[in-house]
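J.: Got coords24.cif for you, mmCIF, C-alpha atoms:
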data_target
#
loop_
_atom_site.group_PDB
_atom_site.id
_atom_site.type_symbol
_atom_site.label_atom_id
_atom_site.label_comp_id
_atom_site.auth_asym_id
_atom_site.auth_seq_id
_atom_site.Cartn_x
_atom_site.Cartn_y
_atom_site.Cartn_z
ATOM 1 C CA MET V 66 107.893 84.604 33.153
ATOM 2 C CA ALA V 67 107.922 84.372 36.941
ATOM 3 C CA LYS V 68 111.260 84.752 38.666
ATOM 4 C CA LYS V 69 112.242 81.641 40.655
ATOM 5 C CA ARG V 70 113.822 82.137 44.047
ATOM 6 C CA LYS V 71 117.026 80.388 45.080
ATOM 7 C CA LEU V 72 116.892 77.823 47.870
ATOM 8 C CA SER V 73 119.177 78.317 50.842
ATOM 9 C CA LYS V 74 121.453 75.528 52.041
ATOM 10 C CA LYS V 75 119.093 74.790 54.921
ATOM 11 C CA GLU V 76 116.104 74.561 52.557
ATOM 12 C CA LYS V 77 118.014 72.221 50.224
ATOM 13 C CA ILE V 78 118.859 69.888 53.109
ATOM 14 C CA LYS V 79 115.233 69.944 54.229
ATOM 15 C CA LEU V 80 114.143 69.168 50.653
ATOM 16 C CA TYR V 81 116.526 66.196 50.353
ATOM 17 C CA ILE V 82 115.404 64.800 53.712
ATOM 18 C CA SER V 83 111.775 65.203 52.617
ATOM 19 C CA ILE V 84 112.404 63.374 49.350
ATOM 20 C CA VAL V 85 114.108 60.480 51.151
ATOM 21 C CA LEU V 86 111.260 60.251 53.671
ATOM 22 C CA ILE V 87 108.627 60.326 50.911
ATOM 23 C CA VAL V 88 110.387 57.493 49.049
ATOM 24 C CA LEU V 89 110.634 55.458 52.273
ATOM 25 C CA ILE V 90 106.956 56.102 53.003
ATOM 26 C CA GLY V 91 106.065 54.839 49.537
ATOM 27 C CA ILE V 92 108.194 51.715 49.977
ATOM 28 C CA CYS V 93 106.668 50.969 53.401
ATOM 29 C CA PHE V 94 103.155 51.512 52.093
ATOM 30 C CA GLY V 95 103.848 49.252 49.098
ATOM 31 C CA LEU V 96 105.254 46.541 51.369
ATOM 32 C CA SER V 97 102.229 46.814 53.648
ATOM 33 C CA VAL V 98 99.929 46.291 50.653
ATOM 34 C CA MET V 99 102.037 43.309 49.540
ATOM 35 C CA TYR V 100 101.869 41.741 53.004
ATOM 36 C CA GLY V 101 98.142 42.486 53.217
ATOM 37 C CA VAL V 102 97.449 40.737 49.921
ATOM 38 C CA SER V 103 99.448 37.688 51.044
ATOM 39 C CA GLN V 104 97.502 37.801 54.350
ATOM 40 C CA ASP V 105 100.567 38.177 56.546
ATOM 41 C CA TRP V 106 98.843 40.540 58.966
ATOM 42 C CA ILE V 107 101.826 41.099 61.260
ATOM 43 C CA GLY V 108 104.004 42.346 58.376
ATOM 44 C CA PHE V 109 101.078 44.422 57.120
ATOM 45 C CA ALA V 110 100.613 46.071 60.521
ATOM 46 C CA ILE V 111 104.326 46.742 60.985
ATOM 47 C CA TYR V 112 104.915 48.352 57.583
ATOM 48 C CA LEU V 113 101.687 50.347 57.666
ATOM 49 C CA SER V 114 102.455 51.711 61.141
ATOM 50 C CA VAL V 115 106.007 52.641 60.065
ATOM 51 C CA ALA V 116 104.578 54.486 57.025
ATOM 52 C CA ILE V 117 102.098 56.370 59.236
ATOM 53 C CA ILE V 118 104.816 57.327 61.741
ATOM 54 C CA MET V 119 107.061 58.610 58.939
ATOM 55 C CA ASN V 120 104.123 60.683 57.628
ATOM 56 C CA ILE V 121 103.661 62.188 61.084
ATOM 57 C CA VAL V 122 107.358 63.182 61.043
ATOM 58 C CA GLU V 123 107.307 64.397 57.411
ATOM 59 C CA ILE V 124 104.370 66.832 57.566
ATOM 60 C CA PRO V 125 105.877 69.344 60.062
ATOM 61 C CA LEU V 126 109.222 69.149 58.267
ATOM 62 C CA CYS V 127 107.645 70.277 55.011
ATOM 63 C CA TYR V 128 105.869 73.300 56.489
ATOM 64 C CA HIS V 129 108.550 74.407 59.000
ATOM 65 C CA GLY V 130 109.492 78.079 58.635
ATOM 66 C CA THR V 131 106.397 79.037 56.668
ATOM 67 C CA ILE V 132 104.436 82.177 57.523
ATOM 68 C CA TYR V 133 100.985 83.019 56.178
ATOM 69 C CA GLU V 134 99.528 86.470 55.534
ATOM 70 C CA CYS V 135 95.841 87.200 56.003
ATOM 71 C CA PRO V 136 94.348 88.971 52.945
ATOM 72 C CA GLN V 137 91.755 90.737 55.127
ATOM 73 C CA CYS V 138 93.901 92.424 57.772
ATOM 74 C CA GLY V 139 97.479 91.775 56.567
ATOM 75 C CA HIS V 140 98.457 89.978 59.796
ATOM 76 C CA LYS V 141 101.348 87.506 59.400
ATOM 77 C CA PHE V 142 101.172 84.324 61.455
ATOM 78 C CA LYS V 143 102.474 80.768 61.713
ATOM 79 C CA ALA V 144 99.919 78.023 61.248
ATOM 80 C CA ASN V 145 99.752 74.464 62.484
ATOM 81 C CA SER V 146 101.428 72.324 59.795
ATOM 82 C CA TYR V 147 98.778 69.601 60.045
ATOM 83 C CA LYS V 148 95.997 72.147 59.462
ATOM 84 C CA VAL V 149 97.783 73.431 56.366
ATOM 85 C CA PHE V 150 98.385 69.890 55.070
ATOM 86 C CA PHE V 151 94.782 68.784 55.527
ATOM 87 C CA THR V 152 93.440 72.083 54.139
ATOM 88 C CA ASN V 153 95.376 71.840 50.891
ATOM 89 C CA GLY V 154 95.634 68.064 50.729
ATOM 90 C CA ILE V 155 98.050 66.195 48.550
ATOM 91 C CA TRP V 156 97.640 68.611 45.604
ATOM 92 C CA GLY V 157 98.767 71.538 47.758
ATOM 93 C CA PHE V 158 101.936 69.693 48.672
ATOM 94 C CA PHE V 159 102.820 68.323 45.215
ATOM 95 C CA ASN V 160 102.087 70.982 42.655
ATOM 96 C CA PHE V 161 102.812 70.450 38.973
ATOM 97 C CA ASP V 162 105.069 73.510 38.623
ATOM 98 C CA GLY V 163 107.611 72.106 41.085
ATOM 99 C CA TYR V 164 106.510 74.188 44.051
ATOM 100 C CA GLY V 165 103.778 73.702 46.583
ATOM 101 C CA SER V 166 100.627 75.767 46.698
ATOM 102 C CA LYS V 167 101.148 79.483 47.385
ATOM 103 C CA TYR V 168 97.903 79.724 49.385
ATOM 104 C CA ALA V 169 96.173 77.872 52.204
ATOM 105 C CA LYS V 170 92.650 78.365 53.512
ATOM 106 C CA LEU V 171 93.302 79.250 57.140
ATOM 107 C CA LYS V 172 91.633 81.155 59.952
ATOM 108 C CA CYS V 173 93.468 84.343 60.889
ATOM 109 C CA PRO V 174 94.159 84.540 64.649
ATOM 110 C CA LYS V 175 93.746 88.341 64.635
ATOM 111 C CA CYS V 176 90.561 89.015 62.653
ATOM 112 C CA GLU V 177 89.099 85.463 62.990
ATOM 113 C CA LYS V 178 88.157 85.291 59.276
ATOM 114 C CA LYS V 179 88.799 82.161 57.227
ATOM 115 C CA ASP V 180 90.294 82.956 53.830
ATOM 116 C CA TRP V 181 93.031 81.941 51.398
ATOM 117 C CA CYS V 182 96.198 83.196 53.111
ATOM 118 C CA LYS V 183 99.377 83.752 51.095
ATOM 119 C CA LYS V 184 102.493 81.767 51.974
ATOM 120 C CA HIS V 185 105.741 83.546 52.885
ATOM 121 C CA TYR V 186 109.051 82.101 54.060
ATOM 122 C CA ASP V 187 111.102 82.915 57.160
#
Render the structure in this file as structure tokens.

T.:
Amino acid sequence: MAKKRKLSKKEKIKLYISIVLIVLIGICFGLSVMYGVSQDWIGFAIYLSVAIIMNIVEIPLCYHGTIYECPQCGHKFKANSYKVFFTNGIWGFFNFDGYGSKYAKLKCPKCEKKDWCKKHYD
């Protein structure tokens, strides 16, 4: 059985903030759908834009402090959080074992090869 690592206090706070933001994003998106169905377009636009803005804030928070290692040359580098999010998609962020994906398909800045880089933490 794989050994689980302990979360630091900073990581726990980041996790709680992420959970709260994800719940708020879901509520705003649900309200925007409700207003869209009732054809109240101003409410729809407001709640949808708030949900999008919270997503823009949430994505870098989730990937902050993550370093990736190139399997080709072994170079460790930080990647743009939006590139990682859109590479892995929603299934890379919410994995069924309770942790996110351990790999992301990224281009190494040193050797310029695109491969599945392993995730490490600061």

J.: Could you jot down the CA of Glu177 in chain V to CA of Ile132 in chain V separation for me, Å, one decimal place?

T.: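 Distance reported for this atom pair: 16.6 Å.
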
J.: Just want the 8 Å neighbourhood of range 89-101 of chain V, counted on all atoms listed in the file, with same-chain residues fewer than 3 positions away dropped. Output as a list in words.

T.: Val85, Leu86, Gln104, Asp105, Trp106, Gly108, Phe109, Ala110, Ile111, Tyr112, Leu113, Val115, Ala116, Ile117, Met119 and Asn120 of chain V

J.: What does the distance from CA of Glu134 in chain V to CA of Lys183 in chain V come to in Å, to one decimal?

T.: 5.2 Å

J.: Apply the PyMOL selection byres ((chain V and resi 175) around 12) to the file shown and report the selected residues as a list in words.

T.: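 Those residues are Glu134, Cys135, Pro136, Gln137, Cys138, Gly139, His140, Lys141, Phe142, Lys143, Leu171, Lys172, Cys173, Pro174, Cys176, Glu177, Lys178 and Lys179 of chain V.
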
J.: Work out how far CA of His129 in chain V is from CA of Tyr81 in chain V, in Å to one decimal.

T.: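 The value is 14.3 Å.
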
J.: Could you spell out the hits of the PyMOL selection byres ((chain V and resi 148) around 12) on the shown file, as a ChimeraX atom specification?

T.: /V:124-125,128,143-147,149-154,169-172
